$ cat input-v9.cif   # mmCIF, C-alpha atoms, pLDDT in the B column; chains and numbers go by the auth columns
data_upload
#
loop_
_atom_site.group_PDB
_atom_site.id
_atom_site.type_symbol
_atom_site.label_atom_id
_atom_site.label_comp_id
_atom_site.label_asym_id
_atom_site.label_seq_id
_atom_site.Cartn_x
_atom_site.Cartn_y
_atom_site.Cartn_z
_atom_site.B_iso_or_equiv
_atom_site.auth_seq_id
_atom_site.auth_asym_id
ATOM 1 C CA MET A 1 10.987 14.548 -42.006 52.00 1 A
ATOM 2 C CA LYS A 2 11.681 16.711 -38.950 56.00 2 A
ATOM 3 C CA ILE A 3 8.214 15.981 -37.579 57.00 3 A
ATOM 4 C CA ARG A 4 8.751 12.229 -37.923 54.00 4 A
ATOM 5 C CA ALA A 5 12.102 12.478 -36.104 44.00 5 A
ATOM 6 C CA CYS A 6 10.507 14.524 -33.298 41.00 6 A
ATOM 7 C CA VAL A 7 7.689 11.998 -32.891 42.00 7 A
ATOM 8 C CA CYS A 8 10.199 9.108 -32.744 42.00 8 A
ATOM 9 C CA ILE A 9 12.306 10.915 -30.137 47.00 9 A
ATOM 10 C CA LEU A 10 9.186 11.672 -28.093 41.00 10 A
ATOM 11 C CA LEU A 11 8.043 8.032 -28.170 45.00 11 A
ATOM 12 C CA VAL A 12 11.471 6.775 -27.130 44.00 12 A
ATOM 13 C CA ALA A 13 11.620 9.339 -24.309 42.00 13 A
ATOM 14 C CA MET A 14 8.173 8.297 -23.051 44.00 14 A
ATOM 15 C CA THR A 15 9.203 4.631 -23.004 43.00 15 A
ATOM 16 C CA LEU A 16 12.467 5.363 -21.214 45.00 16 A
ATOM 17 C CA SER A 17 10.782 7.600 -18.650 50.00 17 A
ATOM 18 C CA ALA A 18 8.275 4.921 -17.606 61.00 18 A
ATOM 19 C CA ALA A 19 8.745 3.963 -13.974 84.00 19 A
ATOM 20 C CA ASP A 20 10.513 0.684 -13.313 95.00 20 A
ATOM 21 C CA ILE A 21 8.193 -1.377 -11.125 97.00 21 A
ATOM 22 C CA SER A 22 10.542 -4.364 -10.897 97.00 22 A
ATOM 23 C CA GLY A 23 10.620 -5.812 -7.409 97.00 23 A
ATOM 24 C CA LYS A 24 8.289 -7.010 -4.686 98.00 24 A
ATOM 25 C CA TRP A 25 4.851 -5.535 -3.944 98.00 25 A
ATOM 26 C CA SER A 26 2.439 -6.548 -1.188 98.00 26 A
ATOM 27 C CA GLY A 27 -1.065 -5.581 -0.161 98.00 27 A
ATOM 28 C CA THR A 28 -4.645 -6.766 -0.260 98.00 28 A
ATOM 29 C CA PHE A 29 -7.220 -8.246 -2.585 96.00 29 A
ATOM 30 C CA SER A 30 -10.860 -7.654 -1.704 96.00 30 A
ATOM 31 C CA GLY A 31 -14.009 -8.763 -3.440 91.00 31 A
ATOM 32 C CA THR A 32 -17.284 -10.601 -3.182 84.00 32 A
ATOM 33 C CA ASN A 33 -17.608 -14.328 -3.814 76.00 33 A
ATOM 34 C CA ALA A 34 -20.395 -16.065 -5.763 73.00 34 A
ATOM 35 C CA THR A 35 -22.637 -16.264 -2.677 80.00 35 A
ATOM 36 C CA GLY A 36 -22.332 -12.522 -2.022 83.00 36 A
ATOM 37 C CA GLU A 37 -19.949 -12.796 0.903 86.00 37 A
ATOM 38 C CA SER A 38 -17.181 -10.196 1.173 91.00 38 A
ATOM 39 C CA ARG A 39 -13.700 -11.639 1.010 89.00 39 A
ATOM 40 C CA GLN A 40 -10.338 -10.063 1.788 94.00 40 A
ATOM 41 C CA ALA A 41 -6.977 -11.738 1.239 95.00 41 A
ATOM 42 C CA THR A 42 -3.331 -10.821 1.017 97.00 42 A
ATOM 43 C CA ALA A 43 -1.652 -10.203 -2.331 97.00 43 A
ATOM 44 C CA PHE A 44 2.052 -10.514 -3.143 98.00 44 A
ATOM 45 C CA VAL A 45 3.578 -9.781 -6.560 98.00 45 A
ATOM 46 C CA VAL A 46 7.144 -9.946 -7.876 98.00 46 A
ATOM 47 C CA PHE A 47 7.431 -7.883 -11.069 98.00 47 A
ATOM 48 C CA LYS A 48 10.236 -8.140 -13.610 98.00 48 A
ATOM 49 C CA GLN A 49 10.044 -5.290 -16.102 98.00 49 A
ATOM 50 C CA ASN A 50 11.754 -5.105 -19.477 97.00 50 A
ATOM 51 C CA GLY A 51 10.611 -1.898 -21.199 97.00 51 A
ATOM 52 C CA THR A 52 6.827 -2.149 -21.322 97.00 52 A
ATOM 53 C CA GLU A 53 6.788 -5.939 -20.836 98.00 53 A
ATOM 54 C CA LEU A 54 6.047 -7.383 -17.388 98.00 54 A
ATOM 55 C CA THR A 55 6.776 -10.888 -16.200 98.00 55 A
ATOM 56 C CA GLY A 56 7.191 -12.341 -12.735 98.00 56 A
ATOM 57 C CA THR A 57 4.897 -14.050 -10.278 98.00 57 A
ATOM 58 C CA ALA A 58 1.860 -13.280 -8.121 98.00 58 A
ATOM 59 C CA GLY A 59 -0.100 -14.978 -5.380 96.00 59 A
ATOM 60 C CA PRO A 60 -1.416 -14.643 -1.851 96.00 60 A
ATOM 61 C CA ASP A 61 2.063 -14.553 -0.271 96.00 61 A
ATOM 62 C CA GLU A 62 5.749 -14.882 -1.111 96.00 62 A
ATOM 63 C CA ALA A 63 5.688 -18.681 -0.699 97.00 63 A
ATOM 64 C CA GLN A 64 2.697 -19.346 -2.998 97.00 64 A
ATOM 65 C CA GLN A 65 3.303 -17.763 -6.406 98.00 65 A
ATOM 66 C CA PHE A 66 2.001 -18.275 -9.955 98.00 66 A
ATOM 67 C CA PRO A 67 3.447 -16.959 -13.263 98.00 67 A
ATOM 68 C CA ILE A 68 2.345 -13.600 -14.657 98.00 68 A
ATOM 69 C CA THR A 69 1.216 -13.700 -18.302 98.00 69 A
ATOM 70 C CA LYS A 70 0.196 -10.979 -20.769 98.00 70 A
ATOM 71 C CA GLY A 71 1.906 -8.407 -18.548 98.00 71 A
ATOM 72 C CA LYS A 72 2.504 -4.865 -19.726 98.00 72 A
ATOM 73 C CA ILE A 73 2.903 -1.349 -18.415 98.00 73 A
ATOM 74 C CA GLU A 74 1.854 1.626 -20.518 97.00 74 A
ATOM 75 C CA GLY A 75 2.409 4.938 -18.758 96.00 75 A
ATOM 76 C CA ASN A 76 0.956 4.326 -15.311 97.00 76 A
ATOM 77 C CA ARG A 77 -1.443 1.536 -16.389 98.00 77 A
ATOM 78 C CA ILE A 78 -0.461 -2.037 -15.502 98.00 78 A
ATOM 79 C CA THR A 79 -2.279 -5.062 -16.916 98.00 79 A
ATOM 80 C CA PHE A 80 -1.533 -8.746 -16.478 98.00 80 A
ATOM 81 C CA GLU A 81 -3.093 -12.160 -15.865 98.00 81 A
ATOM 82 C CA VAL A 82 -2.333 -14.886 -13.333 98.00 82 A
ATOM 83 C CA GLN A 83 -3.599 -18.449 -13.618 97.00 83 A
ATOM 84 C CA SER A 84 -3.654 -19.960 -10.125 95.00 84 A
ATOM 85 C CA ASP A 85 -4.449 -23.584 -9.304 93.00 85 A
ATOM 86 C CA GLY A 86 -8.119 -22.613 -9.707 91.00 86 A
ATOM 87 C CA PRO A 87 -9.287 -19.193 -10.875 94.00 87 A
ATOM 88 C CA LEU A 88 -7.793 -16.942 -13.556 96.00 88 A
ATOM 89 C CA TYR A 89 -7.079 -13.414 -12.282 96.00 89 A
ATOM 90 C CA LYS A 90 -7.160 -10.526 -14.759 98.00 90 A
ATOM 91 C CA LEU A 91 -5.756 -7.310 -13.316 98.00 91 A
ATOM 92 C CA ASP A 92 -6.067 -3.715 -14.531 98.00 92 A
ATOM 93 C CA LEU A 93 -4.122 -1.486 -12.149 98.00 93 A
ATOM 94 C CA MET A 94 -2.789 2.072 -11.886 98.00 94 A
ATOM 95 C CA LEU A 95 0.654 3.037 -10.607 98.00 95 A
ATOM 96 C CA ASP A 96 1.055 6.074 -8.353 96.00 96 A
ATOM 97 C CA GLY A 97 4.641 6.251 -7.094 93.00 97 A
ATOM 98 C CA ASP A 98 5.194 3.266 -4.798 94.00 98 A
ATOM 99 C CA HIS A 99 1.468 2.465 -4.721 97.00 99 A
ATOM 100 C CA ILE A 100 -0.534 0.280 -7.139 98.00 100 A
ATOM 101 C CA LYS A 101 -4.290 -0.161 -7.020 98.00 101 A
ATOM 102 C CA GLY A 102 -7.128 -1.076 -9.305 98.00 102 A
ATOM 103 C CA ASP A 103 -9.524 -3.731 -10.486 98.00 103 A
ATOM 104 C CA ALA A 104 -9.335 -7.498 -10.659 97.00 104 A
ATOM 105 C CA THR A 105 -11.637 -9.876 -12.475 95.00 105 A
ATOM 106 C CA VAL A 106 -11.644 -13.442 -11.180 93.00 106 A
ATOM 107 C CA VAL A 107 -12.843 -16.069 -13.665 93.00 107 A
ATOM 108 C CA GLU A 108 -13.712 -19.516 -12.323 89.00 108 A
ATOM 109 C CA GLU A 109 -16.098 -22.187 -13.555 87.00 109 A
ATOM 110 C CA GLY A 110 -17.655 -19.853 -16.122 85.00 110 A
ATOM 111 C CA GLN A 111 -18.366 -17.079 -13.614 86.00 111 A
ATOM 112 C CA SER A 112 -16.685 -13.679 -13.388 88.00 112 A
ATOM 113 C CA LEU A 113 -16.352 -11.899 -10.085 91.00 113 A
ATOM 114 C CA LYS A 114 -14.988 -8.398 -9.522 93.00 114 A
ATOM 115 C CA GLY A 115 -12.497 -7.328 -6.892 95.00 115 A
ATOM 116 C CA LYS A 116 -10.041 -4.605 -5.896 97.00 116 A
ATOM 117 C CA VAL A 117 -6.282 -4.760 -5.421 97.00 117 A
ATOM 118 C CA ASP A 118 -4.229 -2.318 -3.325 98.00 118 A
ATOM 119 C CA MET A 119 -0.447 -2.808 -3.003 98.00 119 A
ATOM 120 C CA THR A 120 2.699 -0.937 -2.037 98.00 120 A
ATOM 121 C CA ARG A 121 6.333 -1.588 -2.902 97.00 121 A
ATOM 122 C CA VAL A 122 8.170 -3.765 -0.359 96.00 122 A
ATOM 123 C CA LYS A 123 11.126 -1.758 0.930 86.00 123 A
#
$ encode --input "input-v9.cif" --output "structure tokens"
Amino acid sequence: MKIRACVCILLVAMTLSAADISGKWSGTFSGTNATGESRQATAFVVFKQNGTELTGTAGPDEAQQFPITKGKIEGNRITFEVQSDGPLYKLDLMLDGDHIKGDATVVEEGQSLKGKVDMTRVK
């Protein structure tokens, strides 16, 4: 019984100690398109965090945003999807203080392309 109570307390403490990433983040998206050309673009995300659940919007800038779906944060790992007017973006990122970076998979017309995301918190 004591072990179960300790485990429950530990799990609650871990959830409460998770960093709150709510707010605006900006940076870059880089990758290679279907023809092999390198591409770099801006990235802008507005996170709304409720425990481990993430919602909000993401897009190339603050004016052009699309809803975040399937968003979650577990420890320092952030995952979410964004369906733009064309491609679906699947992101698997790592949080390090006020810096987020990681991998993006872009799915469009049956093809998957890989990219990188690098963002910092907007102050």
$ resolve_selection --input "input-v9.cif" --expression "the PyMOL selection byres ((chain A and resi 105) around 10)" --output "PyMOL selection string"
chain A and resi 31+81+87-92+103-104+106-108+111-116
$ write_last_selection --input "input-v9.cif" --atoms "C-alpha atoms" --output "PDB file, in the coordinates of the input"
ATOM      1  CA  GLY A  31     -14.009  -8.763  -3.440  1.00 91.00           C
ATOM      2  CA  GLU A  81      -3.093 -12.160 -15.865  1.00 98.00           C
ATOM      3  CA  PRO A  87      -9.287 -19.193 -10.875  1.00 94.00           C
ATOM      4  CA  LEU A  88      -7.793 -16.942 -13.556  1.00 96.00           C
ATOM      5  CA  TYR A  89      -7.079 -13.414 -12.282  1.00 96.00           C
ATOM      6  CA  LYS A  90      -7.160 -10.526 -14.759  1.00 98.00           C
ATOM      7  CA  LEU A  91      -5.756  -7.310 -13.316  1.00 98.00           C
ATOM      8  CA  ASP A  92      -6.067  -3.715 -14.531  1.00 98.00           C
ATOM      9  CA  ASP A 103      -9.524  -3.731 -10.486  1.00 98.00           C
ATOM     10  CA  ALA A 104      -9.335  -7.498 -10.659  1.00 97.00           C
ATOM     11  CA  VAL A 106     -11.644 -13.442 -11.180  1.00 93.00           C
ATOM     12  CA  VAL A 107     -12.843 -16.069 -13.665  1.00 93.00           C
ATOM     13  CA  GLU A 108     -13.712 -19.516 -12.323  1.00 89.00           C
ATOM     14  CA  GLN A 111     -18.366 -17.079 -13.614  1.00 86.00           C
ATOM     15  CA  SER A 112     -16.685 -13.679 -13.388  1.00 88.00           C
ATOM     16  CA  LEU A 113     -16.352 -11.899 -10.085  1.00 91.00           C
ATOM     17  CA  LYS A 114     -14.988  -8.398  -9.522  1.00 93.00           C
ATOM     18  CA  GLY A 115     -12.497  -7.328  -6.892  1.00 95.00           C
ATOM     19  CA  LYS A 116     -10.041  -4.605  -5.896  1.00 97.00           C
TER      20      LYS A 116
END
$ closest_residue --input "input-v9.cif" --among "A:Gly102, A:Gly86, A:Gly75, A:Gly56" --to "Thr28 in chain A" --atoms "only C-alpha atoms"
A:Gly102
$ closest_residue --input "input-v9.cif" --among "A:Ile21, A:Gln65, A:Ala41, A:Gly110" --to "Leu95 in chain A" --atoms "all atoms listed in the file"
A:Ile21
$ atom_distance --input "input-v9.cif" --atom1 "CA of Ala63 in chain A" --atom2 "CA of Asp98 in chain A"
22.3 Å
$ closest_residue --input "input-v9.cif" --among "A:Glu109, A:Asp118, A:Asp20, A:Glu62" --to "Asn50 in chain A" --atoms "all atoms listed in the file"
A:Asp20
$ atom_distance --input "input-v9.cif" --atom1 "CA of Thr69 in chain A" --atom2 "CA of Glu53 in chain A"
9.9 Å
$ atom_distance --input "input-v9.cif" --atom1 "CA of Arg39 in chain A" --atom2 "CA of Ala58 in chain A"
18.1 Å
$ resolve_selection --input "input-v9.cif" --expression "the PyMOL selection byres ((chain A and resi 54) around 9)" --output "list of chain:residue names"
A:Ile21, A:Ser22, A:Phe47, A:Lys48, A:Gln49, A:Asn50, A:Gly51, A:Thr52, A:Glu53, A:Thr55, A:Gly56, A:Ile68, A:Thr69, A:Lys70, A:Gly71, A:Lys72, A:Ile73, A:Ile78, A:Thr79, A:Phe80
$ write_last_selection --input "input-v9.cif" --atoms "C-alpha atoms" --output "PDB file, in the frame of the given file"
ATOM      1  CA  ILE A  21       8.193  -1.377 -11.125  1.00 97.00           C
ATOM      2  CA  SER A  22      10.542  -4.364 -10.897  1.00 97.00           C
ATOM      3  CA  PHE A  47       7.431  -7.883 -11.069  1.00 98.00           C
ATOM      4  CA  LYS A  48      10.236  -8.140 -13.610  1.00 98.00           C
ATOM      5  CA  GLN A  49      10.044  -5.290 -16.102  1.00 98.00           C
ATOM      6  CA  ASN A  50      11.754  -5.105 -19.477  1.00 97.00           C
ATOM      7  CA  GLY A  51      10.611  -1.898 -21.199  1.00 97.00           C
ATOM      8  CA  THR A  52       6.827  -2.149 -21.322  1.00 97.00           C
ATOM      9  CA  GLU A  53       6.788  -5.939 -20.836  1.00 98.00           C
ATOM     10  CA  THR A  55       6.776 -10.888 -16.200  1.00 98.00           C
ATOM     11  CA  GLY A  56       7.191 -12.341 -12.735  1.00 98.00           C
ATOM     12  CA  ILE A  68       2.345 -13.600 -14.657  1.00 98.00           C
ATOM     13  CA  THR A  69       1.216 -13.700 -18.302  1.00 98.00           C
ATOM     14  CA  LYS A  70       0.196 -10.979 -20.769  1.00 98.00           C
ATOM     15  CA  GLY A  71       1.906  -8.407 -18.548  1.00 98.00           C
ATOM     16  CA  LYS A  72       2.504  -4.865 -19.726  1.00 98.00           C
ATOM     17  CA  ILE A  73       2.903  -1.349 -18.415  1.00 98.00           C
ATOM     18  CA  ILE A  78      -0.461  -2.037 -15.502  1.00 98.00           C
ATOM     19  CA  THR A  79      -2.279  -5.062 -16.916  1.00 98.00           C
ATOM     20  CA  PHE A  80      -1.533  -8.746 -16.478  1.00 98.00           C
TER      21      PHE A  80
END
$ axis_aligned_box --input "input-v9.cif" --around "range 30-40 of chain A" --padding-each-side "5 Å" --output "AutoDock Vina command-line options"
--center_x -16.5 --center_y -12.0 --center_z -2.0 --size_x 22.3 --size_y 18.6 --size_z 17.6
$ residues_around --input "input-v9.cif" --residues "Met94 in chain A" --least-positions-apart "2" --cutoff "7 Å" --atoms "all atoms listed in the file" --output "list of chain:residue names"
A:Asn76, A:Arg77, A:Ile78, A:Asp96, A:Ile100, A:Lys101, A:Gly102
$ residues_around --input "input-v9.cif" --residues "Trp25 in chain A" --least-positions-apart "3" --cutoff "9 Å" --atoms "only C-alpha atoms" --output "list of chain:residue names"
A:Ile21, A:Ala43, A:Phe44, A:Val45, A:Val46, A:Phe47, A:Asp98, A:His99, A:Ile100, A:Met119, A:Thr120, A:Arg121, A:Val122, A:Lys123
$ write_last_selection --input "input-v9.cif" --atoms "C-alpha atoms" --output "PDB file, in the frame of the given file"
ATOM      1  CA  ILE A  21       8.193  -1.377 -11.125  1.00 97.00           C
ATOM      2  CA  ALA A  43      -1.652 -10.203  -2.331  1.00 97.00           C
ATOM      3  CA  PHE A  44       2.052 -10.514  -3.143  1.00 98.00           C
ATOM      4  CA  VAL A  45       3.578  -9.781  -6.560  1.00 98.00           C
ATOM      5  CA  VAL A  46       7.144  -9.946  -7.876  1.00 98.00           C
ATOM      6  CA  PHE A  47       7.431  -7.883 -11.069  1.00 98.00           C
ATOM      7  CA  ASP A  98       5.194   3.266  -4.798  1.00 94.00           C
ATOM      8  CA  HIS A  99       1.468   2.465  -4.721  1.00 97.00           C
ATOM      9  CA  ILE A 100      -0.534   0.280  -7.139  1.00 98.00           C
ATOM     10  CA  MET A 119      -0.447  -2.808  -3.003  1.00 98.00           C
ATOM     11  CA  THR A 120       2.699  -0.937  -2.037  1.00 98.00           C
ATOM     12  CA  ARG A 121       6.333  -1.588  -2.902  1.00 97.00           C
ATOM     13  CA  VAL A 122       8.170  -3.765  -0.359  1.00 96.00           C
ATOM     14  CA  LYS A 123      11.126  -1.758   0.930  1.00 86.00           C
TER      15      LYS A 123
END
$ closest_residue --input "input-v9.cif" --among "A:Ser30, A:Gln40, A:Gly97, A:Pro60" --to "Ser84 in chain A" --atoms "only C-alpha atoms"
A:Pro60
$ closest_residue --input "input-v9.cif" --among "A:Leu93, A:Gly36, A:Gln64, A:Glu74" --to "Ala19 in chain A" --atoms "all atoms listed in the file"
A:Glu74
